[in-house]
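Visitor: So I've got this file, model13.cif, and it contains mmCIF, N, CA and C atoms:
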data_model
loop_
_atom_site.label_atom_id
_atom_site.label_comp_id
_atom_site.auth_asym_id
_atom_site.auth_seq_id
_atom_site.Cartn_x
_atom_site.Cartn_y
_atom_site.Cartn_z
N MET A 13 31.04 -25.13 9.03
CA MET A 13 30.31 -23.88 9.02
C MET A 13 29.84 -23.54 7.62
N ARG A 14 30.65 -23.89 6.63
CA ARG A 14 30.28 -23.61 5.25
C ARG A 14 29.04 -24.40 4.85
N TRP A 15 28.86 -25.60 5.40
CA TRP A 15 27.68 -26.41 5.09
C TRP A 15 26.41 -25.77 5.65
N LEU A 16 26.55 -25.18 6.81
CA LEU A 16 25.40 -24.50 7.41
C LEU A 16 24.95 -23.33 6.55
N THR A 17 25.89 -22.53 6.10
CA THR A 17 25.57 -21.39 5.24
C THR A 17 24.96 -21.85 3.93
N ALA A 18 25.54 -22.88 3.34
CA ALA A 18 25.01 -23.41 2.08
C ALA A 18 23.60 -23.96 2.28
N GLY A 19 23.36 -24.62 3.39
CA GLY A 19 22.04 -25.16 3.67
C GLY A 19 21.00 -24.07 3.83
N VAL A 20 21.37 -23.01 4.52
CA VAL A 20 20.45 -21.88 4.71
C VAL A 20 20.13 -21.22 3.37
N VAL A 21 21.13 -21.06 2.52
CA VAL A 21 20.91 -20.44 1.20
C VAL A 21 19.98 -21.32 0.36
N VAL A 22 20.21 -22.62 0.36
CA VAL A 22 19.38 -23.53 -0.42
C VAL A 22 17.94 -23.53 0.10
N LEU A 23 17.76 -23.58 1.40
CA LEU A 23 16.41 -23.55 1.97
C LEU A 23 15.72 -22.22 1.66
N SER A 24 16.44 -21.13 1.73
CA SER A 24 15.85 -19.83 1.41
C SER A 24 15.40 -19.79 -0.04
N ALA A 25 16.23 -20.32 -0.93
CA ALA A 25 15.89 -20.33 -2.36
C ALA A 25 14.66 -21.20 -2.62
N MET A 26 14.47 -22.23 -1.84
CA MET A 26 13.32 -23.10 -2.02
C MET A 26 12.05 -22.49 -1.42
N VAL A 27 12.17 -21.75 -0.35
CA VAL A 27 11.01 -21.22 0.36
C VAL A 27 10.49 -19.93 -0.28
N MET A 28 11.35 -19.07 -0.78
CA MET A 28 10.94 -17.77 -1.29
C MET A 28 9.91 -17.86 -2.42
N PRO A 29 10.04 -18.75 -3.40
CA PRO A 29 9.00 -18.83 -4.43
C PRO A 29 7.67 -19.36 -3.88
N GLY A 30 7.70 -19.96 -2.72
CA GLY A 30 6.48 -20.48 -2.11
C GLY A 30 5.72 -19.45 -1.31
N CYS A 31 6.10 -18.18 -1.39
CA CYS A 31 5.44 -17.12 -0.63
C CYS A 31 4.79 -16.09 -1.56
N PRO A 32 3.92 -16.52 -2.47
CA PRO A 32 3.33 -15.52 -3.37
C PRO A 32 2.43 -14.54 -2.65
N SER A 33 1.94 -14.92 -1.47
CA SER A 33 1.08 -13.99 -0.75
C SER A 33 1.86 -12.78 -0.26
N GLU A 34 3.16 -12.90 -0.14
CA GLU A 34 3.99 -11.79 0.30
C GLU A 34 4.65 -11.06 -0.86
N PHE A 35 5.23 -11.82 -1.80
CA PHE A 35 6.12 -11.23 -2.79
C PHE A 35 5.58 -11.24 -4.21
N GLY A 36 4.43 -11.82 -4.46
CA GLY A 36 3.89 -11.90 -5.81
C GLY A 36 3.37 -10.57 -6.31
N LYS A 37 2.85 -10.58 -7.54
CA LYS A 37 2.32 -9.35 -8.15
C LYS A 37 1.19 -8.77 -7.30
N ASP A 38 0.33 -9.61 -6.78
CA ASP A 38 -0.75 -9.16 -5.92
C ASP A 38 -0.48 -9.50 -4.47
N GLY A 39 0.78 -9.58 -4.11
CA GLY A 39 1.16 -9.91 -2.75
C GLY A 39 0.97 -8.75 -1.80
N ARG A 40 1.12 -9.03 -0.54
CA ARG A 40 0.88 -8.02 0.49
C ARG A 40 1.86 -6.85 0.37
N ILE A 41 3.11 -7.14 0.06
CA ILE A 41 4.10 -6.06 -0.06
C ILE A 41 3.81 -5.20 -1.27
N SER A 42 3.44 -5.83 -2.39
CA SER A 42 3.12 -5.09 -3.60
C SER A 42 1.91 -4.18 -3.38
N ARG A 43 0.90 -4.69 -2.72
CA ARG A 43 -0.30 -3.87 -2.45
C ARG A 43 0.03 -2.71 -1.52
N ALA A 44 0.89 -2.95 -0.54
CA ALA A 44 1.25 -1.87 0.39
C ALA A 44 2.03 -0.77 -0.33
N VAL A 45 2.93 -1.15 -1.21
CA VAL A 45 3.70 -0.15 -1.97
C VAL A 45 2.77 0.65 -2.88
N ARG A 46 1.84 -0.04 -3.55
CA ARG A 46 0.90 0.64 -4.43
C ARG A 46 0.03 1.61 -3.65
N LYS A 47 -0.45 1.20 -2.49
CA LYS A 47 -1.30 2.06 -1.67
C LYS A 47 -0.53 3.29 -1.19
N ASP A 48 0.71 3.10 -0.75
CA ASP A 48 1.52 4.23 -0.31
C ASP A 48 1.77 5.21 -1.45
N ALA A 49 2.04 4.68 -2.63
CA ALA A 49 2.28 5.56 -3.78
C ALA A 49 1.03 6.36 -4.12
N GLN A 50 -0.13 5.72 -4.07
CA GLN A 50 -1.36 6.44 -4.37
C GLN A 50 -1.64 7.52 -3.33
N GLU A 51 -1.40 7.21 -2.07
CA GLU A 51 -1.67 8.19 -1.01
C GLU A 51 -0.71 9.36 -1.07
N ASN A 52 0.55 9.11 -1.44
CA ASN A 52 1.55 10.17 -1.40
C ASN A 52 1.66 10.96 -2.69
N LEU A 53 1.33 10.37 -3.82
CA LEU A 53 1.57 11.05 -5.09
C LEU A 53 0.32 11.60 -5.75
N ILE A 54 -0.81 10.97 -5.53
CA ILE A 54 -2.02 11.38 -6.23
C ILE A 54 -2.89 12.21 -5.28
N ILE A 55 -3.02 13.47 -5.58
CA ILE A 55 -3.89 14.35 -4.82
C ILE A 55 -4.90 14.93 -5.80
N LYS A 56 -6.15 14.65 -5.58
CA LYS A 56 -7.19 15.13 -6.48
C LYS A 56 -7.42 16.61 -6.24
N SER A 57 -7.74 17.27 -7.30
CA SER A 57 -8.12 18.67 -7.21
C SER A 57 -9.64 18.75 -7.20
N CYS A 58 -10.21 19.14 -6.09
CA CYS A 58 -11.66 19.22 -5.94
C CYS A 58 -12.09 20.68 -5.87
N SER A 59 -13.31 20.90 -6.24
CA SER A 59 -13.84 22.26 -6.15
C SER A 59 -14.00 22.65 -4.68
N ASP A 60 -14.04 23.92 -4.42
CA ASP A 60 -14.17 24.41 -3.05
C ASP A 60 -15.49 23.98 -2.41
N THR A 61 -16.56 24.01 -3.19
CA THR A 61 -17.86 23.62 -2.62
C THR A 61 -17.88 22.14 -2.26
N TYR A 62 -17.32 21.30 -3.14
CA TYR A 62 -17.29 19.87 -2.84
C TYR A 62 -16.40 19.60 -1.62
N ARG A 63 -15.26 20.27 -1.55
CA ARG A 63 -14.35 20.10 -0.41
C ARG A 63 -15.04 20.52 0.88
N ASP A 64 -15.77 21.64 0.85
CA ASP A 64 -16.51 22.07 2.05
C ASP A 64 -17.57 21.05 2.44
N GLU A 65 -18.22 20.46 1.43
CA GLU A 65 -19.27 19.48 1.70
C GLU A 65 -18.71 18.22 2.36
N VAL A 66 -17.59 17.70 1.85
CA VAL A 66 -17.06 16.45 2.41
C VAL A 66 -16.22 16.66 3.66
N CYS A 67 -15.71 17.87 3.86
CA CYS A 67 -14.87 18.12 5.04
C CYS A 67 -15.65 18.75 6.20
N ASN A 68 -16.61 19.61 5.89
CA ASN A 68 -17.29 20.35 6.95
C ASN A 68 -18.79 20.18 7.00
N GLY A 69 -19.38 19.69 5.93
CA GLY A 69 -20.83 19.62 5.84
C GLY A 69 -21.43 18.51 6.68
N PRO A 70 -22.76 18.39 6.61
CA PRO A 70 -23.45 17.34 7.37
C PRO A 70 -23.13 15.94 6.83
N ASN A 71 -22.75 15.85 5.57
CA ASN A 71 -22.37 14.56 4.98
C ASN A 71 -20.85 14.39 5.01
N ARG A 72 -20.26 14.70 6.13
CA ARG A 72 -18.81 14.69 6.29
C ARG A 72 -18.26 13.29 6.04
N ASN A 73 -17.20 13.22 5.21
CA ASN A 73 -16.55 11.96 4.90
C ASN A 73 -15.04 12.17 4.97
N PRO A 74 -14.38 11.73 6.04
CA PRO A 74 -12.95 12.01 6.21
C PRO A 74 -12.07 11.47 5.08
N LYS A 75 -12.43 10.31 4.54
CA LYS A 75 -11.61 9.73 3.48
C LYS A 75 -11.66 10.58 2.22
N LYS A 76 -12.87 11.01 1.83
CA LYS A 76 -13.00 11.85 0.65
C LYS A 76 -12.37 13.22 0.89
N CYS A 77 -12.47 13.70 2.11
CA CYS A 77 -11.85 14.98 2.45
C CYS A 77 -10.32 14.89 2.27
N GLU A 78 -9.76 13.78 2.70
CA GLU A 78 -8.31 13.58 2.58
C GLU A 78 -7.92 13.45 1.10
N GLU A 79 -8.77 12.79 0.31
CA GLU A 79 -8.47 12.65 -1.12
C GLU A 79 -8.45 14.00 -1.83
N CYS A 80 -9.24 14.94 -1.34
CA CYS A 80 -9.27 16.28 -1.93
C CYS A 80 -8.15 17.17 -1.41
N GLY A 81 -7.37 16.66 -0.50
CA GLY A 81 -6.28 17.44 0.06
C GLY A 81 -6.73 18.39 1.16
N GLY A 82 -7.86 18.05 1.78
CA GLY A 82 -8.42 18.94 2.80
C GLY A 82 -8.08 18.59 4.16
#
Take the structure in this file and express it as C-alpha coordinates.
Guide:
Amino acid sequence: MRWLTAGVVVLSAMVMPGCPSEFGKDGRISRAVRKDAQENLIIKSCSDTYRDEVCNGPNRNPKKCEECGG
(Lines of atoms letter the chains of each structure in order from A and count residues from 1; the text may use other names and numbers.)
(Lines give C-alpha, C1' and ligand atoms only; values in the text may rest on other atoms or scores of the structure.)
Protein backbone atom coordinates (compact mmCIF):
# COMPACT_ATOMS: atom_id res chain seq x y z
CA MET A 1 0.00 0.00 0.00
CA ARG A 2 2.89 2.32 0.74
CA TRP A 3 4.16 1.86 -2.83
CA LEU A 4 0.82 2.93 -4.23
CA THR A 5 0.85 6.13 -2.17
CA ALA A 6 4.44 6.87 -3.11
CA GLY A 7 3.65 6.28 -6.78
CA VAL A 8 0.68 8.63 -6.70
CA VAL A 9 2.78 11.34 -5.00
CA VAL A 10 5.57 10.99 -7.56
CA LEU A 11 3.15 11.09 -10.50
CA SER A 12 1.41 14.14 -9.04
CA ALA A 13 4.73 15.92 -8.63
CA MET A 14 5.60 15.17 -12.24
CA VAL A 15 2.22 16.21 -13.69
CA MET A 16 1.59 19.45 -11.75
CA PRO A 17 4.39 21.49 -13.41
CA GLY A 18 3.04 20.33 -16.76
CA CYS A 19 -0.24 22.22 -16.24
CA PRO A 20 0.70 25.87 -16.78
CA SER A 21 -2.66 26.51 -18.38
CA GLU A 22 -4.26 25.92 -14.99
CA PHE A 23 -1.72 26.99 -12.38
CA GLY A 24 0.72 29.37 -14.10
CA LYS A 25 0.90 33.15 -13.78
CA ASP A 26 -1.53 33.53 -16.68
CA GLY A 27 -3.34 30.29 -15.96
CA ARG A 28 -7.07 29.84 -15.81
CA ILE A 29 -7.19 29.85 -12.00
CA SER A 30 -5.05 32.99 -11.76
CA ARG A 31 -7.25 34.82 -14.26
CA ALA A 32 -10.41 33.76 -12.43
CA VAL A 33 -9.07 35.03 -9.10
CA ARG A 34 -8.00 38.33 -10.68
CA LYS A 35 -11.41 38.79 -12.32
CA ASP A 36 -13.26 38.05 -9.07
CA ALA A 37 -11.08 40.52 -7.18
CA GLN A 38 -11.72 43.24 -9.75
CA GLU A 39 -15.47 42.64 -9.71
CA ASN A 40 -15.73 42.57 -5.92
CA LEU A 41 -13.25 45.23 -4.85
CA ILE A 42 -13.13 47.87 -7.55
CA ILE A 43 -16.27 49.96 -7.92
CA LYS A 44 -15.92 53.04 -10.06
CA SER A 45 -17.50 56.25 -8.98
CA CYS A 46 -19.43 57.64 -11.94
CA SER A 47 -21.35 60.85 -12.26
CA ASP A 48 -25.13 60.66 -12.00
CA THR A 49 -25.65 61.73 -15.60
CA TYR A 50 -23.25 59.10 -16.94
CA ARG A 51 -24.84 56.43 -14.73
CA ASP A 52 -28.31 57.40 -16.01
CA GLU A 53 -27.02 57.25 -19.59
CA VAL A 54 -25.50 53.76 -19.32
CA CYS A 55 -28.20 52.28 -17.07
CA ASN A 56 -31.42 53.87 -18.35
CA GLY A 57 -30.71 55.77 -21.55
CA PRO A 58 -31.10 54.69 -25.17
CA ASN A 59 -27.41 53.68 -25.22
CA ARG A 60 -27.94 51.27 -22.34
CA ASN A 61 -24.89 49.13 -21.53
CA PRO A 62 -25.37 46.64 -18.65
CA LYS A 63 -21.64 46.02 -18.18
CA LYS A 64 -20.80 49.72 -17.84
CA CYS A 65 -23.83 50.19 -15.61
CA GLU A 66 -22.54 47.45 -13.32
CA GLU A 67 -19.06 49.01 -13.29
CA CYS A 68 -20.59 52.25 -12.03
CA GLY A 69 -22.35 50.41 -9.24
CA GLY A 70 -25.77 50.90 -10.79
Visitor: May I ask for the distance between atom N of A:Arg63 and atom C of A:Lys75, given in Å to one decimal place?
Guide: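 Here the two named atoms are 11.0 Å from each other.
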Visitor: Please report the interatomic distance between atom CA of A:Arg46 and atom N of A:Cys58 in Å with one decimal.
Guide: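 Pair atom CA of A:Arg46 / atom N of A:Cys58 returns 21.6 Å.
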Visitor: To one decimal place, how far is atom CA of A:Cys80 from atom CA of A:Asn52 in Å?
Guide: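 Computing it gives 12.4 Å between the two atoms.
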Visitor: Should you be able to, write stretch 38-49 of chain A of this structure into a file that contains N, CA, C and O atoms, as a short mmCIF file (atom, residue, chain, number, x, y, z; two decimals), in the first residue's frame.
Guide:
data_model
loop_
_atom_site.label_atom_id
_atom_site.label_comp_id
_atom_site.auth_asym_id
_atom_site.auth_seq_id
_atom_site.Cartn_x
_atom_site.Cartn_y
_atom_site.Cartn_z
N ASP A 38 -0.39 33.18 -15.84
CA ASP A 38 -1.53 33.53 -16.68
C ASP A 38 -2.46 32.35 -16.87
O ASP A 38 -3.17 32.25 -17.87
N GLY A 39 -2.49 31.47 -15.89
CA GLY A 39 -3.34 30.29 -15.96
C GLY A 39 -4.80 30.61 -15.71
O GLY A 39 -5.16 31.73 -15.32
N ARG A 40 -5.63 29.65 -15.93
CA ARG A 40 -7.07 29.84 -15.81
C ARG A 40 -7.47 30.20 -14.38
O ARG A 40 -8.32 31.07 -14.16
N ILE A 41 -6.85 29.57 -13.40
CA ILE A 41 -7.19 29.85 -12.00
C ILE A 41 -6.75 31.25 -11.62
O ILE A 41 -7.48 32.00 -10.96
N SER A 42 -5.55 31.65 -12.06
CA SER A 42 -5.05 32.99 -11.76
C SER A 42 -5.95 34.06 -12.37
O SER A 42 -6.26 35.06 -11.73
N ARG A 43 -6.37 33.85 -13.61
CA ARG A 43 -7.25 34.82 -14.26
C ARG A 43 -8.60 34.90 -13.57
O ARG A 43 -9.17 35.98 -13.42
N ALA A 44 -9.11 33.76 -13.12
CA ALA A 44 -10.41 33.76 -12.43
C ALA A 44 -10.32 34.52 -11.11
O ALA A 44 -11.23 35.29 -10.77
N VAL A 45 -9.24 34.32 -10.38
CA VAL A 45 -9.07 35.03 -9.10
C VAL A 45 -8.94 36.53 -9.34
O VAL A 45 -9.55 37.34 -8.64
N ARG A 46 -8.17 36.91 -10.36
CA ARG A 46 -8.00 38.33 -10.68
C ARG A 46 -9.33 38.96 -11.07
O ARG A 46 -9.67 40.06 -10.64
N LYS A 47 -10.12 38.26 -11.88
CA LYS A 47 -11.41 38.79 -12.32
C LYS A 47 -12.36 38.95 -11.13
O LYS A 47 -13.05 39.97 -11.01
N ASP A 48 -12.40 37.96 -10.24
CA ASP A 48 -13.26 38.05 -9.07
C ASP A 48 -12.85 39.23 -8.18
O ASP A 48 -13.70 39.94 -7.66
N ALA A 49 -11.55 39.41 -8.01
CA ALA A 49 -11.08 40.52 -7.18
C ALA A 49 -11.47 41.86 -7.79
O ALA A 49 -11.89 42.77 -7.08
#
